[in-house]
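Enquirer: What follows is a structure written as C-alpha cells; I'll ask about it next.
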Amino acid sequence: MNSLERFRATLAFEPTDRPLLWECGYWAATIRRWYREGLPQRHGIPVDRPDGRGVGPGETRDVADWVQFDPYFEIMPVNLFVYPPFKEEVLEDHGEWVLMRTGSGGIEKQRKDRLSIPSRVAGPVKSREDWERFKAERLQPVLEDRLPANWPELVAKYKQREAPLYGPSCEHWLALVELVGLEQLLTMFYDDPALLRDMIQYLTHFWVTMYDKLLRQAVPDMMTVGGDFCYKTGPLFSPAAFREFFLPAWQEVASLMRSYGVPAIIVHTDGDCRRLIREFIEAGVTGVHPWEVTNGQNIVDVRKAFPRFHIFGGIDKQAIAAGKESTDQELESKVPFMLQHGGWVPYVDHYVSPDISWPDFLHYRGRLAKMFGA
C-alpha cells in the first residue's frame, strides 16, 4: 500500500499492511539539537526558522529519510482568508521584542528569538464599520484571484497522487482571533453577540462559496475546522456557547465537504477538547488533530467512548523525553489497543520537542516500528 491507500483505509477503519509512519512536525530547536547528536545533515531546515517555531514534515527531509517515513500530506497552496494580505512589517522595536503587523492586518507582540507564542495586541476589526469595510476589501469570495499560477498543473498532479492531499482550512476561531484579537473576541460573546454572529455567518458564507468552487476541481483527503480554542484545562467557551454560536456554521461547512466526498473533516486544536467531542460529532466532524496529552486526556479512553472518531497523535512526548523505559511504558499502554481498534494515526502529541534527544527519538520510532511489524 502507498501512503494515500494507508491513509484512506485508516480513516475507514479498514485493515492496512501497517500504520502510517509519520510525525506531526518538530520545533526547529529539536532538529538543530539532533544535528549535534548525530542526525546526518544533508538537506537542513530553513536557515531563517527561529528555534521557537515549528518545522513541518515536508521541511525535514533528513529525519524522514533516516527514519524512512511515509510521504506526508501535500498541502493545497490556496489562500482562503485575507486577500490581498497586508504588508508584514515591524511597527515598533523594543529590543528583545517587536510589535509586528501581520498579513491579516493584526498587530502582534513577538519575541525576536521566537521562543514564545506571539500575543495578539489588536486586530484590524474594532467595530461594525471596520468589519463592513474589511470584508468588502479583503474577504471577497473570488477564488480565481487566490489560485497559484500553476494551478492547472497541480490539479492534474493531484489526480495521480500517491500521498494524501490536505485542503485549505476553515477555522472560524482562529480567523476571529486574527480579526479582532483574543481578548475582544472572548468579551464579544456578552458585549456584542450580534456582531459576533454576523462575522461567523459571513465567514461561513465566504468559505462555503469558495469551497464549492474549489472542490469541483480537486477533492482533498482531509480538511480542518476549528482552530486552537482549547487549552490545558479545557475549551475557552462552554458547550452551550459552541452550540449557540458555532454549531450551525460548522454543520453547513461540513455538509458541503461531505457532499464532495472529503473523508476526514478534522478539528485542529491544542489542549483538552473532551468537553466538546459530542458537539464536534453533531457538527459533522470526524476527528481531532493533533491529540495532545494534557489534563488527563488519554486516547485509549477516547477510543472506548467514541469508537469511530479519528485520532491523530496522542503519544506523550514527555514520556519519550524521560527516556527509554518511560517510552516503552507509554507505547505499551496505548499502541496495541489503538491498533486493534483503528482510526488512529500514531505519533507524538503535536511537535516533537527539543527535550527529546536523537537517541531517544530513534528508540521511540524503533519500538513503534516493531509494534507495527514494519
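Every chain in the C-alpha cells takes a letter, A first, then B, and so on in the order presented; its residues are numbered from 1, and the ligands are numbered from 1 following the presented order.
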Per residue of stretch 234-268 of chain A within 10 Å of stretch 297-311 of chain A, record the nearest atom pair and its distance in Å to one decimal, counting only C-alpha atoms, with rows in chain order and ascending residue number, as a tab-separated table.
Expert:
residue	atom	partner	partner_atom	distance
A:Ala264	CA	A:His310	CA	8.0
A:Ile265	CA	A:His310	CA	9.2
A:Ile266	CA	A:His310	CA	8.0
A:Val267	CA	A:His310	CA	10.0
Enquirer: Now that the selection is made, can you save its residues with N, CA and C atoms as a PDB file, in the first residue's frame?
Expert:
ATOM      1  N   ALA A 264     -12.087  13.021   5.663  1.00  0.00           N
ATOM      2  CA  ALA A 264     -11.680  13.423   7.016  1.00  0.00           C
ATOM      3  C   ALA A 264     -11.952  14.907   7.205  1.00  0.00           C
ATOM      4  N   ILE A 265     -12.859  15.233   8.124  1.00  0.00           N
ATOM      5  CA  ILE A 265     -13.165  16.617   8.495  1.00  0.00           C
ATOM      6  C   ILE A 265     -12.740  16.747   9.945  1.00  0.00           C
ATOM      7  N   ILE A 266     -11.600  17.375  10.160  1.00  0.00           N
ATOM      8  CA  ILE A 266     -10.867  17.260  11.416  1.00  0.00           C
ATOM      9  C   ILE A 266     -10.836  18.597  12.148  1.00  0.00           C
ATOM     10  N   VAL A 267     -11.066  18.545  13.455  1.00  0.00           N
ATOM     11  CA  VAL A 267     -10.877  19.722  14.295  1.00  0.00           C
ATOM     12  C   VAL A 267      -9.388  19.890  14.558  1.00  0.00           C
TER      13      VAL A 267
END
Enquirer: Kindly give the distance, in Å, that separates atom CA of A:Ser357 and atom CA of A:Cys24, rounded to a single decimal.
Expert: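 So the two atoms, atom CA of A:Ser357 and atom CA of A:Cys24, lie 17.0 Å apart.
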Enquirer: DSSP on the backbone: which residues in stretch 90-270 of chain A end up as strand (DSSP E)? Give the answer as a ChimeraX atom specification.
Expert: /A:90-93,97-101,107-111,119-122,165-166,222-226,230-231,234-235,264-268
Enquirer: Could you write out that same residue set with N, CA and C atoms as a JSON list (two decimals), in the first residue's frame?
Expert:
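After the write, out21.json holds the following:
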[["chain", "number", "residue", "atom", "x", "y", "z"],
["A", 90, "VAL", "N", 7.52, 45.58, 10.83],
["A", 90, "VAL", "CA", 7.79, 45.92, 12.23],
["A", 90, "VAL", "C", 7.31, 47.34, 12.48],
["A", 91, "LEU", "N", 6.42, 47.50, 13.45],
["A", 91, "LEU", "CA", 5.89, 48.82, 13.78],
["A", 91, "LEU", "C", 6.70, 49.48, 14.89],
["A", 92, "GLU", "N", 7.14, 48.68, 15.87],
["A", 92, "GLU", "CA", 7.94, 49.20, 16.98],
["A", 92, "GLU", "C", 8.97, 48.15, 17.38],
["A", 93, "ASP", "N", 10.21, 48.60, 17.63],
["A", 93, "ASP", "CA", 11.27, 47.70, 18.06],
["A", 93, "ASP", "C", 11.61, 48.03, 19.52],
["A", 97, "TRP", "N", 11.86, 42.35, 21.90],
["A", 97, "TRP", "CA", 10.59, 42.05, 21.24],
["A", 97, "TRP", "C", 10.18, 43.21, 20.34],
["A", 98, "VAL", "N", 9.28, 42.92, 19.43],
["A", 98, "VAL", "CA", 8.79, 43.92, 18.48],
["A", 98, "VAL", "C", 7.27, 43.86, 18.40],
["A", 99, "LEU", "N", 6.68, 44.95, 17.94],
["A", 99, "LEU", "CA", 5.28, 44.95, 17.52],
["A", 99, "LEU", "C", 5.25, 44.81, 16.01],
["A", 100, "MET", "N", 4.55, 43.78, 15.54],
["A", 100, "MET", "CA", 4.50, 43.45, 14.11],
["A", 100, "MET", "C", 3.08, 43.58, 13.57],
["A", 101, "ARG", "N", 2.97, 44.10, 12.34],
["A", 101, "ARG", "CA", 1.71, 43.97, 11.62],
["A", 101, "ARG", "C", 1.78, 42.69, 10.81],
["A", 107, "ILE", "N", -2.02, 43.28, 14.87],
["A", 107, "ILE", "CA", -0.76, 43.69, 15.47],
["A", 107, "ILE", "C", -0.40, 42.69, 16.56],
["A", 108, "GLU", "N", 0.81, 42.12, 16.48],
["A", 108, "GLU", "CA", 1.26, 41.11, 17.42],
["A", 108, "GLU", "C", 2.53, 41.57, 18.13],
["A", 109, "LYS", "N", 2.63, 41.15, 19.38],
["A", 109, "LYS", "CA", 3.87, 41.31, 20.13],
["A", 109, "LYS", "C", 4.65, 40.01, 19.99],
["A", 110, "GLN", "N", 5.88, 40.10, 19.43],
["A", 110, "GLN", "CA", 6.67, 38.91, 19.18],
["A", 110, "GLN", "C", 8.05, 39.05, 19.79],
["A", 111, "ARG", "N", 8.52, 38.00, 20.46],
["A", 111, "ARG", "CA", 9.92, 37.95, 20.85],
["A", 111, "ARG", "C", 10.77, 37.76, 19.60],
["A", 119, "SER", "N", 1.70, 37.23, 20.99],
["A", 119, "SER", "CA", 0.43, 37.64, 21.58],
["A", 119, "SER", "C", -0.21, 38.70, 20.70],
["A", 120, "ARG", "N", -1.49, 38.52, 20.41],
["A", 120, "ARG", "CA", -2.21, 39.46, 19.56],
["A", 120, "ARG", "C", -2.59, 40.69, 20.38],
["A", 121, "VAL", "N", -2.07, 41.83, 20.00],
["A", 121, "VAL", "CA", -2.36, 43.08, 20.70],
["A", 121, "VAL", "C", -3.67, 43.67, 20.21],
["A", 122, "ALA", "N", -3.89, 43.61, 18.91],
["A", 122, "ALA", "CA", -5.11, 44.17, 18.34],
["A", 122, "ALA", "C", -5.37, 43.54, 16.98],
["A", 165, "LEU", "N", -3.89, 14.39, 0.31],
["A", 165, "LEU", "CA", -3.93, 15.82, -0.01],
["A", 165, "LEU", "C", -4.68, 16.55, 1.10],
["A", 166, "TYR", "N", -4.10, 17.64, 1.56],
["A", 166, "TYR", "CA", -4.64, 18.44, 2.67],
["A", 166, "TYR", "C", -5.22, 19.73, 2.09],
["A", 222, "MET", "N", -8.26, 15.42, 3.45],
["A", 222, "MET", "CA", -8.52, 15.93, 4.79],
["A", 222, "MET", "C", -8.65, 17.45, 4.74],
["A", 223, "MET", "N", -9.61, 17.96, 5.53],
["A", 223, "MET", "CA", -9.76, 19.40, 5.71],
["A", 223, "MET", "C", -10.00, 19.64, 7.20],
["A", 224, "THR", "N", -9.64, 20.83, 7.66],
["A", 224, "THR", "CA", -9.76, 21.11, 9.09],
["A", 224, "THR", "C", -10.70, 22.27, 9.36],
["A", 225, "VAL", "N", -11.32, 22.19, 10.52],
["A", 225, "VAL", "CA", -12.18, 23.26, 11.02],
["A", 225, "VAL", "C", -11.70, 23.58, 12.44],
["A", 226, "GLY", "N", -12.22, 24.65, 13.01],
["A", 226, "GLY", "CA", -11.94, 24.93, 14.42],
["A", 226, "GLY", "C", -10.88, 25.97, 14.63],
["A", 230, "CYS", "N", -8.83, 25.41, 22.54],
["A", 230, "CYS", "CA", -8.74, 24.67, 23.78],
["A", 230, "CYS", "C", -7.34, 24.80, 24.35],
["A", 231, "TYR", "N", -7.28, 24.85, 25.66],
["A", 231, "TYR", "CA", -6.02, 24.95, 26.37],
["A", 231, "TYR", "C", -5.89, 23.81, 27.37],
["A", 234, "GLY", "N", -9.11, 22.85, 29.24],
["A", 234, "GLY", "CA", -10.38, 22.76, 28.52],
["A", 234, "GLY", "C", -10.58, 23.88, 27.52],
["A", 235, "PRO", "N", -11.77, 23.94, 26.90],
["A", 235, "PRO", "CA", -12.05, 24.96, 25.89],
["A", 235, "PRO", "C", -12.25, 26.35, 26.50],
["A", 264, "ALA", "N", -12.09, 13.02, 5.66],
["A", 264, "ALA", "CA", -11.68, 13.42, 7.02],
["A", 264, "ALA", "C", -11.95, 14.91, 7.20],
["A", 265, "ILE", "N", -12.86, 15.23, 8.12],
["A", 265, "ILE", "CA", -13.16, 16.62, 8.49],
["A", 265, "ILE", "C", -12.74, 16.75, 9.95],
["A", 266, "ILE", "N", -11.60, 17.37, 10.16],
["A", 266, "ILE", "CA", -10.87, 17.26, 11.42],
["A", 266, "ILE", "C", -10.84, 18.60, 12.15],
["A", 267, "VAL", "N", -11.07, 18.54, 13.45],
["A", 267, "VAL", "CA", -10.88, 19.72, 14.29],
["A", 267, "VAL", "C", -9.39, 19.89, 14.56],
["A", 268, "HIS", "N", -8.87, 21.07, 14.23],
["A", 268, "HIS", "CA", -7.50, 21.40, 14.62],
["A", 268, "HIS", "C", -7.56, 22.21, 15.90]]
Enquirer: Please identify which residues in stretch 179-357 of chain A DSSP calls alpha helix (DSSP H) from the backbone, and express them as a PyMOL selection string.
Expert: chain A and resi 179-180+182-191+193-214+239-245+247-259+277-283+299-305+317-321+324-341
Enquirer: Mind writing the picked residues with C-alpha atoms as a PDB file, in the first residue's frame?
Expert:
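Just written: again16.pdb:
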ATOM      1  CA  LEU A 179      -9.593  39.815  13.043  1.00  0.00           C
ATOM      2  CA  VAL A 180     -10.487  41.138  16.496  1.00  0.00           C
ATOM      3  CA  LEU A 182      -8.433  37.099  21.578  1.00  0.00           C
ATOM      4  CA  GLU A 183      -9.465  39.351  24.446  1.00  0.00           C
ATOM      5  CA  GLN A 184     -12.067  41.247  22.432  1.00  0.00           C
ATOM      6  CA  LEU A 185     -13.371  38.008  20.923  1.00  0.00           C
ATOM      7  CA  LEU A 186     -13.967  36.460  24.344  1.00  0.00           C
ATOM      8  CA  THR A 187     -15.898  39.524  25.520  1.00  0.00           C
ATOM      9  CA  MET A 188     -17.972  39.684  22.315  1.00  0.00           C
ATOM     10  CA  PHE A 189     -19.986  36.655  23.458  1.00  0.00           C
ATOM     11  CA  TYR A 190     -21.505  39.013  26.045  1.00  0.00           C
ATOM     12  CA  ASP A 191     -20.805  42.575  24.867  1.00  0.00           C
ATOM     13  CA  PRO A 193     -23.147  38.915  20.288  1.00  0.00           C
ATOM     14  CA  ALA A 194     -24.924  40.365  17.246  1.00  0.00           C
ATOM     15  CA  LEU A 195     -21.632  41.379  15.605  1.00  0.00           C
ATOM     16  CA  LEU A 196     -20.060  38.047  16.537  1.00  0.00           C
ATOM     17  CA  ARG A 197     -22.926  36.145  14.911  1.00  0.00           C
ATOM     18  CA  ASP A 198     -22.689  38.330  11.818  1.00  0.00           C
ATOM     19  CA  MET A 199     -18.958  37.666  11.500  1.00  0.00           C
ATOM     20  CA  ILE A 200     -19.430  33.909  11.916  1.00  0.00           C
ATOM     21  CA  GLN A 201     -22.263  33.858   9.372  1.00  0.00           C
ATOM     22  CA  TYR A 202     -20.299  35.844   6.818  1.00  0.00           C
ATOM     23  CA  LEU A 203     -17.167  33.720   7.248  1.00  0.00           C
ATOM     24  CA  THR A 204     -19.312  30.622   6.769  1.00  0.00           C
ATOM     25  CA  HIS A 205     -20.842  32.050   3.585  1.00  0.00           C
ATOM     26  CA  PHE A 206     -17.369  33.014   2.383  1.00  0.00           C
ATOM     27  CA  TRP A 207     -15.883  29.553   2.926  1.00  0.00           C
ATOM     28  CA  VAL A 208     -18.878  27.622   1.606  1.00  0.00           C
ATOM     29  CA  THR A 209     -18.817  29.709  -1.577  1.00  0.00           C
ATOM     30  CA  MET A 210     -15.068  29.221  -2.003  1.00  0.00           C
ATOM     31  CA  TYR A 211     -15.103  25.502  -1.221  1.00  0.00           C
ATOM     32  CA  ASP A 212     -17.940  24.911  -3.658  1.00  0.00           C
ATOM     33  CA  LYS A 213     -15.726  26.336  -6.396  1.00  0.00           C
ATOM     34  CA  LEU A 214     -12.519  24.685  -5.225  1.00  0.00           C
ATOM     35  CA  PRO A 239     -20.529  23.579  25.023  1.00  0.00           C
ATOM     36  CA  ALA A 240     -23.653  25.772  25.240  1.00  0.00           C
ATOM     37  CA  ALA A 241     -21.776  28.703  23.689  1.00  0.00           C
ATOM     38  CA  PHE A 242     -20.442  26.426  20.952  1.00  0.00           C
ATOM     39  CA  ARG A 243     -23.962  25.256  20.166  1.00  0.00           C
ATOM     40  CA  GLU A 244     -25.337  28.792  20.060  1.00  0.00           C
ATOM     41  CA  PHE A 245     -22.614  30.468  18.014  1.00  0.00           C
ATOM     42  CA  LEU A 247     -22.628  24.625  15.629  1.00  0.00           C
ATOM     43  CA  PRO A 248     -24.824  25.721  12.678  1.00  0.00           C
ATOM     44  CA  ALA A 249     -21.818  27.218  10.890  1.00  0.00           C
ATOM     45  CA  TRP A 250     -19.745  24.066  11.283  1.00  0.00           C
ATOM     46  CA  GLN A 251     -22.651  21.911  10.151  1.00  0.00           C
ATOM     47  CA  GLU A 252     -23.039  23.945   6.977  1.00  0.00           C
ATOM     48  CA  VAL A 253     -19.355  23.756   6.123  1.00  0.00           C
ATOM     49  CA  ALA A 254     -19.021  20.061   6.997  1.00  0.00           C
ATOM     50  CA  SER A 255     -22.122  19.208   4.976  1.00  0.00           C
ATOM     51  CA  LEU A 256     -20.589  20.779   1.880  1.00  0.00           C
ATOM     52  CA  MET A 257     -17.273  18.961   2.444  1.00  0.00           C
ATOM     53  CA  ARG A 258     -19.085  15.637   2.794  1.00  0.00           C
ATOM     54  CA  SER A 259     -21.129  16.278  -0.343  1.00  0.00           C
ATOM     55  CA  ILE A 277     -16.416  15.952  21.336  1.00  0.00           C
ATOM     56  CA  ARG A 278     -20.155  15.259  21.226  1.00  0.00           C
ATOM     57  CA  GLU A 279     -20.728  18.720  19.712  1.00  0.00           C
ATOM     58  CA  PHE A 280     -17.942  18.069  17.184  1.00  0.00           C
ATOM     59  CA  ILE A 281     -19.625  14.867  16.058  1.00  0.00           C
ATOM     60  CA  GLU A 282     -23.012  16.582  15.829  1.00  0.00           C
ATOM     61  CA  ALA A 283     -21.371  19.253  13.672  1.00  0.00           C
ATOM     62  CA  ILE A 299      -6.531   8.324  23.541  1.00  0.00           C
ATOM     63  CA  VAL A 300      -7.456   4.870  24.861  1.00  0.00           C
ATOM     64  CA  ASP A 301     -10.281   6.373  26.931  1.00  0.00           C
ATOM     65  CA  VAL A 302     -11.435   8.445  23.961  1.00  0.00           C
ATOM     66  CA  ARG A 303     -11.443   5.434  21.646  1.00  0.00           C
ATOM     67  CA  LYS A 304     -13.532   3.473  24.149  1.00  0.00           C
ATOM     68  CA  ALA A 305     -16.056   6.314  24.389  1.00  0.00           C
ATOM     69  CA  LYS A 317       6.220  13.435  24.205  1.00  0.00           C
ATOM     70  CA  GLN A 318       7.144  13.952  27.857  1.00  0.00           C
ATOM     71  CA  ALA A 319       7.332  10.188  28.275  1.00  0.00           C
ATOM     72  CA  ILE A 320       9.781   9.982  25.364  1.00  0.00           C
ATOM     73  CA  ALA A 321      11.881  12.822  26.781  1.00  0.00           C
ATOM     74  CA  LYS A 324      13.692   4.568  27.071  1.00  0.00           C
ATOM     75  CA  GLU A 325      11.892   2.901  29.974  1.00  0.00           C
ATOM     76  CA  SER A 326       9.249   5.625  30.129  1.00  0.00           C
ATOM     77  CA  THR A 327       8.866   5.452  26.338  1.00  0.00           C
ATOM     78  CA  ASP A 328       8.309   1.697  26.426  1.00  0.00           C
ATOM     79  CA  GLN A 329       5.645   2.038  29.120  1.00  0.00           C
ATOM     80  CA  GLU A 330       3.858   4.773  27.178  1.00  0.00           C
ATOM     81  CA  LEU A 331       3.791   2.766  23.966  1.00  0.00           C
ATOM     82  CA  GLU A 332       2.697  -0.481  25.607  1.00  0.00           C
ATOM     83  CA  SER A 333      -0.182   1.294  27.356  1.00  0.00           C
ATOM     84  CA  LYS A 334      -1.617   2.720  24.121  1.00  0.00           C
ATOM     85  CA  VAL A 335      -0.350   1.252  20.869  1.00  0.00           C
ATOM     86  CA  PRO A 336      -1.710  -2.343  20.968  1.00  0.00           C
ATOM     87  CA  PHE A 337      -5.212  -1.216  21.926  1.00  0.00           C
ATOM     88  CA  MET A 338      -5.291   1.636  19.399  1.00  0.00           C
ATOM     89  CA  LEU A 339      -4.027  -0.553  16.564  1.00  0.00           C
ATOM     90  CA  GLN A 340      -6.682  -3.139  17.350  1.00  0.00           C
ATOM     91  CA  HIS A 341      -9.497  -0.585  17.157  1.00  0.00           C
TER      92      HIS A 341
END
Enquirer: Using only C-alpha atoms, which residue out of A:Leu4, A:Ala322, A:Leu20, A:Val293 lies closest to A:Val348?
Expert: A:Val293
Enquirer: Using only C-alpha atoms, find the one residue out of A:Gln41, A:Gln217, A:Thr16, A:Asn79 that sits nearest to A:Asp65.
Expert: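 Smallest separation from A:Asp65 among the options: A:Gln41.
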Enquirer: Near A:Gly44, counting only C-alpha atoms, which residues have an atom at most 9 Å away, once you skip same-chain residues fewer than 6 positions from it, shown as JSON, numbers by chain?
Expert: {"A": [31, 32, 35, 59, 60, 61, 62]}
Enquirer: For N, CA and C atoms, I'd like the residues from the last selection saved as a PDB file, in the first residue's frame.
Expert:
ATOM      1  N   ILE A  31      15.398  19.904  15.751  1.00  0.00           N
ATOM      2  CA  ILE A  31      16.212  19.430  14.630  1.00  0.00           C
ATOM      3  C   ILE A  31      17.651  19.887  14.795  1.00  0.00           C
ATOM      4  N   ARG A  32      17.868  21.102  15.231  1.00  0.00           N
ATOM      5  CA  ARG A  32      19.240  21.585  15.416  1.00  0.00           C
ATOM      6  C   ARG A  32      19.955  20.782  16.510  1.00  0.00           C
ATOM      7  N   TYR A  35      20.996  17.417  14.923  1.00  0.00           N
ATOM      8  CA  TYR A  35      22.190  17.506  14.091  1.00  0.00           C
ATOM      9  C   TYR A  35      23.447  17.415  14.951  1.00  0.00           C
ATOM     10  N   GLU A  59       9.498  19.802   5.531  1.00  0.00           N
ATOM     11  CA  GLU A  59      10.710  20.620   5.628  1.00  0.00           C
ATOM     12  C   GLU A  59      11.834  19.903   6.364  1.00  0.00           C
ATOM     13  N   THR A  60      11.642  18.640   6.667  1.00  0.00           N
ATOM     14  CA  THR A  60      12.616  17.883   7.463  1.00  0.00           C
ATOM     15  C   THR A  60      12.976  16.585   6.750  1.00  0.00           C
ATOM     16  N   ARG A  61      13.503  16.692   5.560  1.00  0.00           N
ATOM     17  CA  ARG A  61      13.816  15.501   4.775  1.00  0.00           C
ATOM     18  C   ARG A  61      14.872  14.632   5.444  1.00  0.00           C
ATOM     19  N   ASP A  62      15.777  15.268   6.201  1.00  0.00           N
ATOM     20  CA  ASP A  62      16.827  14.481   6.840  1.00  0.00           C
ATOM     21  C   ASP A  62      16.227  13.468   7.824  1.00  0.00           C
TER      22      ASP A  62
END
Enquirer: Can you pull out the residues contacting A:Pro346? Cut-off 8 Å, using only C-alpha atoms, and skip same-chain residues under 6 positions away; I want them as a ChimeraX atom specification.
Expert: /A:19-23,312-315
Enquirer: Residues as selected, N, CA and C atoms, written as an mmCIF file, in the first residue's frame, can you do that?
Expert:
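File produced: out-v5.cif:
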data_model
loop_
_atom_site.group_PDB
_atom_site.id
_atom_site.type_symbol
_atom_site.label_atom_id
_atom_site.label_comp_id
_atom_site.auth_asym_id
_atom_site.auth_seq_id
_atom_site.Cartn_x
_atom_site.Cartn_y
_atom_site.Cartn_z
ATOM 1 N N PRO A 19 0.506 0.638 9.973
ATOM 2 C CA PRO A 19 0.101 2.030 10.167
ATOM 3 C C PRO A 19 1.012 2.991 9.413
ATOM 4 N N LEU A 20 0.538 4.207 9.258
ATOM 5 C CA LEU A 20 1.344 5.250 8.641
ATOM 6 C C LEU A 20 2.545 5.591 9.513
ATOM 7 N N LEU A 21 3.690 5.768 8.886
ATOM 8 C CA LEU A 21 4.912 6.189 9.569
ATOM 9 C C LEU A 21 5.059 7.686 9.367
ATOM 10 N N TRP A 22 4.545 8.458 10.323
ATOM 11 C CA TRP A 22 4.514 9.919 10.254
ATOM 12 C C TRP A 22 4.881 10.519 11.605
ATOM 13 N N GLU A 23 5.263 11.789 11.582
ATOM 14 C CA GLU A 23 5.221 12.660 12.748
ATOM 15 C C GLU A 23 4.514 13.941 12.323
ATOM 16 N N PHE A 312 -5.463 11.705 15.690
ATOM 17 C CA PHE A 312 -4.114 11.893 15.155
ATOM 18 C C PHE A 312 -3.184 12.242 16.316
ATOM 19 N N GLY A 313 -2.177 11.404 16.582
ATOM 20 C CA GLY A 313 -1.235 11.694 17.656
ATOM 21 C C GLY A 313 -1.621 11.017 18.952
ATOM 22 N N GLY A 314 -1.310 11.682 20.081
ATOM 23 C CA GLY A 314 -1.709 11.181 21.379
ATOM 24 C C GLY A 314 -0.659 10.391 22.138
ATOM 25 N N ILE A 315 0.560 10.261 21.577
ATOM 26 C CA ILE A 315 1.658 9.640 22.318
ATOM 27 C C ILE A 315 2.382 10.740 23.087
#
Enquirer: Give me, please, the distance in Å between atom CA of A:Thr102 and atom CA of A:Ile117, quoted to one decimal.
Expert: 14.0 Å
Enquirer: Let me make sure I understand: among A:Gly343, A:Gly58, A:Pro71, A:Gly103, which one has the smallest atom-to-atom distance to A:Pro85 if we use only C-alpha atoms?
Expert: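 Residue with the minimum atom-to-atom distance to A:Pro85: A:Gly103.
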